[in-house]
$ cat target.csv   # CSV, C-alpha atoms
chain,number,residue,atom,x,y,z
A,10,MET,CA,62.3,97.4,76.5
A,11,ILE,CA,58.8,96.8,77.9
A,12,PHE,CA,56.3,98.3,75.5
A,13,VAL,CA,53.0,99.4,77.0
A,14,THR,CA,50.1,100.4,74.8
A,15,THR,CA,46.6,101.6,75.5
A,16,GLY,CA,45.2,101.5,71.9
A,17,THR,CA,44.6,104.8,70.2
A,18,ALA,CA,40.8,105.2,70.2
A,19,LEU,CA,40.0,105.3,73.9
A,20,PRO,CA,42.2,106.1,76.9
A,21,PHE,CA,43.3,103.5,79.4
A,22,ASP,CA,44.7,105.6,82.3
A,23,ARG,CA,44.0,102.9,84.9
A,24,MET,CA,46.6,100.6,83.3
A,25,VAL,CA,49.1,103.3,82.6
A,26,LYS,CA,49.0,104.5,86.3
A,27,ILE,CA,49.6,101.1,87.6
A,28,VAL,CA,52.5,100.4,85.3
A,29,ASP,CA,53.9,103.9,86.0
A,30,ALA,CA,53.8,103.3,89.8
A,31,TRP,CA,55.3,99.9,89.4
A,32,ALA,CA,58.2,101.1,87.3
A,33,HIS,CA,58.9,103.8,89.9
A,34,GLN,CA,58.8,101.4,92.8
A,35,ARG,CA,61.0,98.8,91.2
A,36,GLY,CA,63.4,101.3,89.6
A,37,ARG,CA,62.6,100.1,86.1
A,38,ASN,CA,63.9,102.3,83.4
A,39,ASP,CA,63.2,100.0,80.5
A,40,VAL,CA,59.5,100.8,80.0
A,41,PHE,CA,58.0,102.9,77.2
A,42,ALA,CA,54.3,103.7,76.8
A,43,GLN,CA,52.0,104.7,74.0
A,44,ILE,CA,49.1,106.3,76.0
A,45,GLY,CA,46.8,107.2,73.1
A,46,MET,CA,44.0,109.5,74.2
A,47,GLY,CA,44.9,109.2,77.8
A,48,ALA,CA,44.5,112.4,79.8
A,49,TRP,CA,46.8,111.3,82.5
A,50,GLU,CA,50.5,111.5,81.7
A,51,PRO,CA,53.0,109.1,83.3
A,52,LYS,CA,55.4,110.6,85.9
A,53,HIS,CA,58.1,108.0,85.6
A,54,LEU,CA,58.0,106.6,82.1
A,55,PRO,CA,58.9,107.9,78.7
A,56,PHE,CA,55.8,108.0,76.6
A,57,ALA,CA,54.1,109.1,73.4
A,58,ASN,CA,50.5,109.8,72.7
A,59,LEU,CA,50.3,108.3,69.2
A,60,LEU,CA,53.1,106.5,67.4
A,61,GLN,CA,53.2,106.3,63.6
A,62,PRO,CA,52.2,102.8,62.5
A,63,SER,CA,55.8,102.0,61.4
A,64,GLU,CA,57.1,103.2,64.8
A,65,PHE,CA,54.5,101.1,66.6
A,66,VAL,CA,55.6,98.0,64.7
A,67,GLU,CA,59.2,98.7,65.5
A,68,ARG,CA,58.4,99.1,69.2
A,69,ILE,CA,56.7,95.7,69.2
A,70,ARG,CA,59.5,94.1,67.2
A,71,THR,CA,62.2,95.3,69.6
A,72,ALA,CA,60.2,94.8,72.8
A,73,THR,CA,61.0,92.1,75.4
A,74,VAL,CA,57.5,92.1,76.7
A,75,VAL,CA,54.3,93.8,75.5
A,76,ILE,CA,51.7,95.1,78.0
A,77,SER,CA,48.4,96.1,76.3
A,78,HIS,CA,44.7,96.6,76.4
A,79,ALA,CA,42.9,93.6,74.8
A,80,GLY,CA,43.2,95.2,71.3
A,81,ILE,CA,43.5,92.8,68.4
A,82,GLY,CA,46.0,94.9,66.4
A,83,THR,CA,48.5,94.7,69.3
A,84,ILE,CA,47.8,91.1,70.1
A,85,LEU,CA,48.3,90.0,66.5
A,86,SER,CA,51.5,92.1,66.1
A,87,ALA,CA,52.9,90.7,69.3
A,88,LEU,CA,52.2,87.1,68.3
A,89,HIS,CA,53.6,87.7,64.9
A,90,TYR,CA,56.9,88.9,66.4
A,91,GLU,CA,56.8,86.1,69.0
A,92,LYS,CA,56.7,88.5,72.0
A,93,PRO,CA,55.4,87.6,75.4
A,94,ILE,CA,52.2,89.6,75.8
A,95,LEU,CA,50.2,90.6,78.9
A,96,ILE,CA,46.8,92.0,78.2
A,97,ILE,CA,44.4,93.9,80.5
A,98,PRO,CA,40.8,94.2,79.2
A,99,LYS,CA,39.3,97.6,79.2
A,100,LEU,CA,36.1,97.5,81.2
A,101,ALA,CA,32.9,99.1,80.2
A,102,SER,CA,31.9,99.1,83.8
A,103,LEU,CA,34.6,101.6,84.5
A,104,GLY,CA,33.8,103.6,81.3
A,105,GLU,CA,36.8,102.4,79.5
A,106,HIS,CA,35.0,100.9,76.5
A,107,ARG,CA,31.6,100.8,75.0
A,108,ASN,CA,30.9,97.2,76.0
A,109,GLU,CA,32.6,94.3,77.7
A,110,HIS,CA,33.9,92.6,74.6
A,111,GLN,CA,37.5,93.1,75.6
A,112,THR,CA,37.0,90.8,78.6
A,113,ALA,CA,35.4,88.2,76.3
A,114,THR,CA,38.2,88.5,73.8
A,115,ALA,CA,40.9,88.2,76.5
A,116,GLN,CA,39.2,85.2,78.0
A,117,ARG,CA,38.8,83.3,74.6
A,118,MET,CA,42.3,84.2,73.5
A,119,MET,CA,43.7,83.0,76.8
A,120,GLU,CA,41.8,79.7,76.4
A,121,LEU,CA,43.4,79.3,72.9
A,122,GLY,CA,46.7,79.8,74.6
A,123,ASN,CA,47.7,83.0,72.8
A,124,VAL,CA,48.0,85.5,75.6
A,125,ASN,CA,48.5,86.1,79.3
A,126,VAL,CA,45.7,88.1,80.9
A,127,ALA,CA,45.4,90.3,84.1
A,128,PHE,CA,41.7,90.8,84.6
A,129,ASP,CA,42.0,93.3,87.4
A,130,ASP,CA,44.4,95.7,89.1
A,131,ASP,CA,45.7,93.3,91.7
A,132,GLU,CA,46.4,90.7,89.1
A,133,LEU,CA,48.2,93.3,87.0
A,134,ARG,CA,50.4,94.3,89.9
A,135,HIS,CA,51.2,90.7,90.7
A,136,ARG,CA,51.9,89.9,87.0
A,137,LEU,CA,54.2,92.9,86.7
A,138,ASP,CA,56.4,91.6,89.5
A,139,HIS,CA,56.7,88.4,87.6
A,140,LEU,CA,57.0,90.0,84.2
A,141,ASP,CA,60.5,88.7,83.4
A,142,GLU,CA,59.1,85.1,83.7
A,143,LEU,CA,56.6,85.6,80.9
A,144,GLN,CA,57.2,83.5,77.9
A,145,SER,CA,56.2,84.0,74.4
A,146,ILE,CA,53.3,81.5,73.9
A,147,GLY,CA,53.4,81.1,70.3
A,148,ARG,CA,54.1,82.5,66.9
A,149,ILE,CA,51.6,83.1,64.1
A,150,GLY,CA,52.3,83.4,60.4
A,151,PRO,CA,51.6,86.6,58.6
A,152,PHE,CA,48.3,85.5,57.1
A,153,ALA,CA,44.8,84.2,58.0
A,154,SER,CA,44.0,80.5,58.2
A,155,GLU,CA,44.0,78.6,54.9
A,156,THR,CA,40.4,77.6,55.3
A,157,LEU,CA,39.4,81.3,55.5
A,158,LEU,CA,41.7,82.3,52.6
A,159,ASP,CA,40.3,79.4,50.5
A,160,GLY,CA,36.7,80.4,51.2
A,161,LEU,CA,37.4,84.0,50.3
A,162,ARG,CA,39.2,83.0,47.1
A,163,SER,CA,36.4,80.8,45.9
A,164,PHE,CA,33.9,83.5,46.6
A,165,ILE,CA,36.0,86.2,44.9
A,166,HIS,CA,36.5,84.1,41.8
A,167,GLY,CA,33.0,82.7,41.7
A,168,SER,CA,30.4,84.3,39.6
B,7,MET,CA,42.2,87.3,25.0
B,8,ALA,CA,42.9,89.4,28.1
B,9,ILE,CA,41.2,88.1,31.2
B,10,GLN,CA,39.3,90.8,33.0
B,11,ARG,CA,41.0,91.3,36.4
B,12,LYS,CA,38.5,91.8,39.3
B,13,LYS,CA,38.8,95.0,41.2
B,14,ILE,CA,38.5,94.7,45.0
B,15,LEU,CA,38.0,97.5,47.5
B,16,ALA,CA,39.5,96.4,50.8
B,17,ILE,CA,38.3,98.8,53.5
B,18,ALA,CA,38.7,99.0,57.3
B,19,SER,CA,39.3,101.5,60.1
B,20,GLY,CA,42.6,101.4,62.0
B,21,GLY,CA,44.3,99.2,64.5
B,22,GLY,CA,43.0,95.7,64.7
B,23,HIS,CA,40.6,96.1,61.9
B,24,TRP,CA,43.4,97.1,59.5
B,25,VAL,CA,45.7,94.4,60.8
B,26,GLN,CA,43.1,91.7,60.2
B,27,LEU,CA,42.4,93.0,56.7
B,28,LEU,CA,46.1,92.7,55.8
B,29,ARG,CA,46.1,89.1,56.9
B,30,LEU,CA,43.6,88.3,54.1
B,31,ARG,CA,45.9,89.6,51.3
B,32,PRO,CA,46.7,86.2,49.7
B,33,ALA,CA,43.0,85.7,48.9
B,34,PHE,CA,43.3,88.8,46.7
B,35,ASP,CA,46.0,87.4,44.4
B,36,GLY,CA,45.1,87.9,40.7
B,37,CYS,CA,42.9,90.9,41.5
B,38,ASP,CA,43.5,94.7,41.5
B,39,VAL,CA,43.2,95.9,45.0
B,40,VAL,CA,42.4,99.4,46.4
B,41,TYR,CA,43.0,99.6,50.1
B,42,ALA,CA,41.1,102.3,52.1
B,43,THR,CA,41.8,103.1,55.7
B,44,VAL,CA,42.0,105.9,58.2
B,45,ARG,CA,45.7,106.7,58.7
B,46,ARG,CA,48.2,107.7,56.1
B,47,GLY,CA,50.9,105.8,57.9
B,48,TYR,CA,49.3,102.5,56.9
B,49,GLU,CA,50.2,103.1,53.3
B,50,LEU,CA,53.6,101.5,54.0
B,51,ASP,CA,51.8,98.2,54.7
B,52,VAL,CA,50.4,97.9,51.2
B,53,GLN,CA,53.2,99.3,48.9
B,54,GLY,CA,52.5,98.4,45.3
B,55,SER,CA,48.7,98.6,45.7
B,56,GLU,CA,46.4,101.6,45.4
B,57,PHE,CA,45.8,103.3,48.7
B,58,ARG,CA,43.0,105.7,49.7
B,59,LEU,CA,42.6,107.7,52.9
B,60,ILE,CA,39.1,107.7,54.5
B,61,ARG,CA,37.7,109.4,57.6
B,62,ASP,CA,37.1,107.3,60.7
B,63,ALA,CA,33.9,107.4,62.7
B,64,ASN,CA,32.0,105.6,65.3
B,65,GLN,CA,28.4,105.4,66.6
B,66,TRP,CA,29.0,108.2,69.1
B,67,SER,CA,29.5,111.1,66.7
B,68,LYS,CA,26.8,111.6,64.1
B,69,LEU,CA,28.7,114.4,62.3
B,70,ALA,CA,31.8,112.2,62.0
B,71,LEU,CA,29.6,109.4,60.7
B,72,ILE,CA,28.1,111.6,58.0
B,73,ARG,CA,31.5,112.9,56.9
B,74,SER,CA,32.9,109.4,56.8
B,75,ALA,CA,30.0,108.1,54.9
B,76,PHE,CA,30.1,110.9,52.3
B,77,GLY,CA,33.8,110.3,51.6
B,78,ILE,CA,33.3,106.6,51.2
B,79,PHE,CA,30.3,107.1,49.0
B,80,LEU,CA,32.4,109.2,46.7
B,81,LEU,CA,35.2,106.7,46.8
B,82,ILE,CA,33.0,103.9,45.7
B,83,MET,CA,31.3,106.0,43.0
B,84,THR,CA,34.8,106.7,41.7
B,85,GLU,CA,36.4,103.3,42.0
B,86,ARG,CA,33.4,101.1,41.1
B,87,PRO,CA,34.9,98.0,42.6
B,88,ASP,CA,33.6,94.5,41.6
B,89,LEU,CA,33.9,93.4,45.2
B,90,VAL,CA,34.1,95.2,48.6
B,91,ILE,CA,35.5,93.4,51.6
B,92,SER,CA,35.7,94.8,55.1
B,93,THR,CA,36.7,93.7,58.6
B,94,GLY,CA,35.0,96.7,60.3
B,95,ALA,CA,34.1,99.0,61.7
B,96,ALA,CA,31.8,101.9,60.8
B,97,PRO,CA,33.7,102.9,57.7
B,98,GLY,CA,33.7,99.3,56.5
B,99,CYS,CA,30.0,99.1,57.1
B,100,PHE,CA,29.6,102.1,54.8
B,101,GLY,CA,31.9,100.5,52.3
B,102,VAL,CA,29.8,97.3,52.0
B,103,LEU,CA,26.5,99.3,52.0
B,104,PHE,CA,27.5,101.7,49.2
B,105,GLY,CA,29.4,98.9,47.4
B,106,LYS,CA,26.1,96.9,47.3
B,107,TRP,CA,24.2,100.0,46.0
B,108,PHE,CA,26.7,100.3,43.2
B,109,GLY,CA,26.4,96.6,42.2
B,110,ALA,CA,29.5,95.1,43.8
B,111,ARG,CA,29.4,91.8,45.7
B,112,VAL,CA,30.3,92.4,49.3
B,113,ILE,CA,32.0,90.5,52.0
B,114,TRP,CA,31.9,91.2,55.7
B,115,LEU,CA,34.4,89.5,58.0
B,116,ASP,CA,33.4,90.3,61.6
B,117,SER,CA,36.4,91.2,63.8
B,118,ILE,CA,38.0,88.4,65.9
B,119,ALA,CA,37.4,90.9,68.8
B,120,ASN,CA,33.8,89.9,68.8
B,121,ALA,CA,33.9,86.5,70.5
B,122,GLU,CA,30.5,86.5,72.1
B,123,GLU,CA,28.3,88.7,70.0
B,124,LEU,CA,28.7,90.3,66.5
B,125,SER,CA,29.7,93.9,66.4
B,126,LEU,CA,27.0,96.5,65.8
B,127,SER,CA,28.4,97.2,62.3
B,128,GLY,CA,28.7,93.5,61.7
B,129,LYS,CA,25.0,93.0,62.4
B,130,LEU,CA,24.1,95.9,60.1
B,131,ALA,CA,26.5,94.9,57.3
B,132,GLY,CA,25.3,91.3,57.5
B,133,LYS,CA,21.8,92.4,56.3
B,134,PHE,CA,23.3,93.1,52.8
B,135,ALA,CA,26.5,91.2,52.7
B,136,ASP,CA,26.8,88.4,50.0
B,137,LEU,CA,29.2,86.6,52.2
B,138,TRP,CA,28.8,87.2,56.0
B,139,LEU,CA,31.5,85.7,58.2
B,140,THR,CA,32.2,85.5,61.9
B,141,GLN,CA,35.6,84.3,63.2
B,142,TRP,CA,34.1,82.4,66.1
B,143,GLN,CA,32.4,79.1,65.4
B,144,PRO,CA,29.8,79.4,68.2
B,145,LEU,CA,28.4,82.6,66.6
B,146,ALA,CA,27.7,80.9,63.2
B,147,GLN,CA,24.1,80.2,62.5
B,148,SER,CA,21.8,79.4,59.6
B,149,GLY,CA,20.4,82.7,58.3
B,150,GLY,CA,23.3,84.4,60.1
B,151,PRO,CA,27.0,84.6,59.7
B,152,LYS,CA,29.1,81.6,58.5
B,153,TRP,CA,32.3,80.4,60.0
B,154,ILE,CA,35.1,79.1,57.8
B,155,GLY,CA,38.2,80.1,59.8
B,156,SER,CA,39.9,83.1,61.4
B,157,VAL,CA,42.7,85.5,60.8
B,158,LEU,CA,44.9,83.5,63.2
$ encode --input "target.csv" --output "structure tokens"
Amino acid sequence: MIFVTTGTALPFDRMVKIVDAWAHQRGRNDVFAQIGMGAWEPKHLPFANLLQPSEFVERIRTATVVISHAGIGTILSALHYEKPILIIPKLASLGEHRNEHQTATAQRMMELGNVNVAFDDDELRHRLDHLDELQSIGRIGPFASETLLDGLRSFIHGS
Amino acid sequence: MAIQRKKILAIASGGGHWVQLLRLRPAFDGCDVVYATVRRGYELDVQGSEFRLIRDANQWSKLALIRSAFGIFLLIMTERPDLVISTGAAPGCFGVLFGKWFGARVIWLDSIANAEELSLSGKLAGKFADLWLTQWQPLAQSGGPKWIGSVL
């Protein structure tokens, strides 16, 4: 299954509409969306507003591809389960977020080689048509970098 | 002689903030940890540790902020942690602020989502954090947050 998620705090109807139209045009019946606070409901996709955290992890774990806003929770979960991930930044210029940090996050994480990014609608449509070619780019362990953990430990156990 | 175990309050809002907090768990070994976050379903992630539910809030709802802050104030007054650590966002900011008031040492790890500028809560929390961290090296500066690694 292709798992689509908008994040739970703010809607992302623009992304859901494009994926919904694509799934319809291409006859894909292997797509499921968590639409969060979205006011617009998909016409051609099964969806849920808000999954329980355990269901969310299960959807990621069993997905073939994850399509998501540039939310860190989803990105980290997808990397952990070694899933190919395509992210679409929410844009403050379209009222989708409070500032443009999702574009910056997407850009930086793409440079680190962690994620695939579609920065605009055309790129998203193009990427969807080549979705099955997306590869998992890497796997991350369950915990933070050792340098960070060591720094925290020495602070915690210091005076 | 029994060694006094440190009590840590690890507090964050949901989604990426919570996922990042969980990735710090090995640093808490040897301590008693109370986890506080905004959805009951996250309790499954920290089975075996204490779990407390708090209210979420953001800068756009003053009422939600007040309710969230009040609950977190009571939480810290009750738990009296030795140390408070947060990855954000607004509830975490309240956690480190009130933690400091009650004499805890406090750590703020700004979310990896903030690659170009610290979060608003990160800027505020940094004013009273004993350890103030960013996950992006270019954002580290003297008198500002330090960089020692990331959750990746």
$ atom_distance --input "target.csv" --atom1 "atom CA of B:Cys99" --atom2 "atom CA of B:Leu81"
13.8 Å
$ closest_residue --input "target.csv" --among "B:Thr84, B:Gln26, B:Gln65, B:Asn120" --to "A:Ala115" --atoms "all atoms listed in the file"
B:Asn120
$ atom_distance --input "target.csv" --atom1 "atom CA of B:Thr43" --atom2 "atom CA of B:Gly98"
9.0 Å
$ interface_residues --input "target.csv" --of "chain A" --to "chain B" --cutoff "7 Å" --atoms "all atoms listed in the file" --output "PyMOL selection string"
chain A and resi 61-62+80-82+110+113-114+149+151-154+156-158+160-162
$ atom_distance --input "target.csv" --atom1 "atom CA of A:Pro55" --atom2 "atom CA of A:Phe41"
5.3 Å
$ residues_around --input "target.csv" --residues "A:Gly122" --least-positions-apart "5" --cutoff "12 Å" --atoms "all atoms listed in the file" --output "list of chain:residue names"
A:Leu88, A:Pro93, A:Ile94, A:Ala115, A:Gln116, A:Arg117, A:Gln144, A:Ser145, A:Ile146, A:Gly147, A:Arg148
$ residues_around --input "target.csv" --residues "stretch 85-87 of chain B" --least-positions-apart "3" --cutoff "12 Å" --atoms "only C-alpha atoms" --output "MDAnalysis selection string"
chainID B and resid 11:17 37:42 56:58 78:82 90:91 101:102 104:112
$ closest_residue --input "target.csv" --among "B:Ala70, B:Gly94, B:Ala63, B:Gln143" --to "B:Ala18" --atoms "only C-alpha atoms"
B:Gly94
$ residues_around --input "target.csv" --residues "A:Leu59" --least-positions-apart "4" --cutoff "8 Å" --atoms "all atoms listed in the file" --output "VMD selection string"
chain A and resid 17 43 to 45
$ residues_around --input "target.csv" --residues "A:Phe65" --least-positions-apart "5" --cutoff "10 Å" --atoms "all atoms listed in the file" --output "compact mmCIF listing (two decimals) with C-alpha atoms, keeping the file's coordinate frame"
# COMPACT_ATOMS: atom_id res chain seq x y z
CA PHE A 12 56.30 98.30 75.50
CA THR A 14 50.10 100.40 74.80
CA GLN A 43 52.00 104.70 74.00
CA LEU A 59 50.30 108.30 69.20
CA LEU A 60 53.10 106.50 67.40
CA ARG A 70 59.50 94.10 67.20
CA THR A 83 48.50 94.70 69.30
CA SER A 86 51.50 92.10 66.10
$ residues_around --input "target.csv" --residues "A:Thr112" --least-positions-apart "3" --cutoff "8 Å" --atoms "all atoms listed in the file" --output "PyMOL selection string"
chain A and resi 79+98-100+109+115-116+128
$ closest_residue --input "target.csv" --among "A:Ile27, A:Leu121, A:Asp159, A:Leu95" --to "A:Glu142" --atoms "all atoms listed in the file"
A:Leu95
$ decode --input "target.csv" --residues "stretch 90-111 of chain B" --atoms "N, CA and C atoms" --output "PDB file, in the first residue's frame"
ATOM      1  N   VAL B  90      14.458  18.406  33.602  1.00  0.00           N
ATOM      2  CA  VAL B  90      13.396  18.414  32.595  1.00  0.00           C
ATOM      3  C   VAL B  90      14.068  18.507  31.230  1.00  0.00           C
ATOM      4  N   ILE B  91      13.618  17.646  30.301  1.00  0.00           N
ATOM      5  CA  ILE B  91      14.152  17.711  28.939  1.00  0.00           C
ATOM      6  C   ILE B  91      12.991  17.771  27.966  1.00  0.00           C
ATOM      7  N   SER B  92      13.123  18.615  26.925  1.00  0.00           N
ATOM      8  CA  SER B  92      12.068  18.717  25.925  1.00  0.00           C
ATOM      9  C   SER B  92      12.637  18.904  24.528  1.00  0.00           C
ATOM     10  N   THR B  93      11.866  18.407  23.544  1.00  0.00           N
ATOM     11  CA  THR B  93      12.147  18.628  22.128  1.00  0.00           C
ATOM     12  C   THR B  93      11.116  19.575  21.509  1.00  0.00           C
ATOM     13  N   GLY B  94      10.238  20.154  22.330  1.00  0.00           N
ATOM     14  CA  GLY B  94       9.234  21.092  21.837  1.00  0.00           C
ATOM     15  C   GLY B  94       7.839  20.537  22.005  1.00  0.00           C
ATOM     16  N   ALA B  95       6.802  21.229  21.647  1.00  0.00           N
ATOM     17  CA  ALA B  95       6.931  22.638  21.266  1.00  0.00           C
ATOM     18  C   ALA B  95       6.424  23.482  22.449  1.00  0.00           C
ATOM     19  N   ALA B  96       5.246  24.100  22.343  1.00  0.00           N
ATOM     20  CA  ALA B  96       4.777  24.965  23.444  1.00  0.00           C
ATOM     21  C   ALA B  96       4.704  24.235  24.791  1.00  0.00           C
ATOM     22  N   PRO B  97       4.116  23.023  24.855  1.00  0.00           N
ATOM     23  CA  PRO B  97       4.067  22.346  26.165  1.00  0.00           C
ATOM     24  C   PRO B  97       5.471  22.080  26.725  1.00  0.00           C
ATOM     25  N   GLY B  98       6.413  21.774  25.842  1.00  0.00           N
ATOM     26  CA  GLY B  98       7.782  21.546  26.288  1.00  0.00           C
ATOM     27  C   GLY B  98       8.403  22.813  26.841  1.00  0.00           C
ATOM     28  N   CYS B  99       8.056  23.926  26.214  1.00  0.00           N
ATOM     29  CA  CYS B  99       8.547  25.229  26.668  1.00  0.00           C
ATOM     30  C   CYS B  99       8.036  25.510  28.084  1.00  0.00           C
ATOM     31  N   PHE B 100       6.752  25.229  28.323  1.00  0.00           N
ATOM     32  CA  PHE B 100       6.212  25.378  29.683  1.00  0.00           C
ATOM     33  C   PHE B 100       6.935  24.441  30.648  1.00  0.00           C
ATOM     34  N   GLY B 101       7.209  23.243  30.163  1.00  0.00           N
ATOM     35  CA  GLY B 101       7.875  22.254  31.012  1.00  0.00           C
ATOM     36  C   GLY B 101       9.233  22.730  31.495  1.00  0.00           C
ATOM     37  N   VAL B 102      10.036  23.265  30.593  1.00  0.00           N
ATOM     38  CA  VAL B 102      11.366  23.713  31.021  1.00  0.00           C
ATOM     39  C   VAL B 102      11.271  25.001  31.850  1.00  0.00           C
ATOM     40  N   LEU B 103      10.316  25.861  31.517  1.00  0.00           N
ATOM     41  CA  LEU B 103      10.146  27.095  32.302  1.00  0.00           C
ATOM     42  C   LEU B 103       9.764  26.780  33.753  1.00  0.00           C
ATOM     43  N   PHE B 104       8.700  25.972  33.921  1.00  0.00           N
ATOM     44  CA  PHE B 104       8.254  25.659  35.280  1.00  0.00           C
ATOM     45  C   PHE B 104       9.260  24.755  35.990  1.00  0.00           C
ATOM     46  N   GLY B 105       9.895  23.876  35.210  1.00  0.00           N
ATOM     47  CA  GLY B 105      10.934  23.031  35.805  1.00  0.00           C
ATOM     48  C   GLY B 105      12.017  23.876  36.441  1.00  0.00           C
ATOM     49  N   LYS B 106      12.416  24.902  35.729  1.00  0.00           N
ATOM     50  CA  LYS B 106      13.448  25.809  36.234  1.00  0.00           C
ATOM     51  C   LYS B 106      12.968  26.511  37.514  1.00  0.00           C
ATOM     52  N   TRP B 107      11.738  26.967  37.507  1.00  0.00           N
ATOM     53  CA  TRP B 107      11.171  27.616  38.693  1.00  0.00           C
ATOM     54  C   TRP B 107      11.256  26.714  39.923  1.00  0.00           C
ATOM     55  N   PHE B 108      11.008  25.408  39.669  1.00  0.00           N
ATOM     56  CA  PHE B 108      11.000  24.470  40.792  1.00  0.00           C
ATOM     57  C   PHE B 108      12.381  23.870  41.040  1.00  0.00           C
ATOM     58  N   GLY B 109      13.394  24.446  40.467  1.00  0.00           N
ATOM     59  CA  GLY B 109      14.767  24.064  40.823  1.00  0.00           C
ATOM     60  C   GLY B 109      15.382  22.943  40.018  1.00  0.00           C
ATOM     61  N   ALA B 110      14.694  22.463  38.975  1.00  0.00           N
ATOM     62  CA  ALA B 110      15.282  21.407  38.141  1.00  0.00           C
ATOM     63  C   ALA B 110      16.309  22.018  37.185  1.00  0.00           C
ATOM     64  N   ARG B 111      17.242  21.202  36.747  1.00  0.00           N
ATOM     65  CA  ARG B 111      18.079  21.612  35.620  1.00  0.00           C
ATOM     66  C   ARG B 111      17.302  21.269  34.344  1.00  0.00           C
TER      67      ARG B 111
END
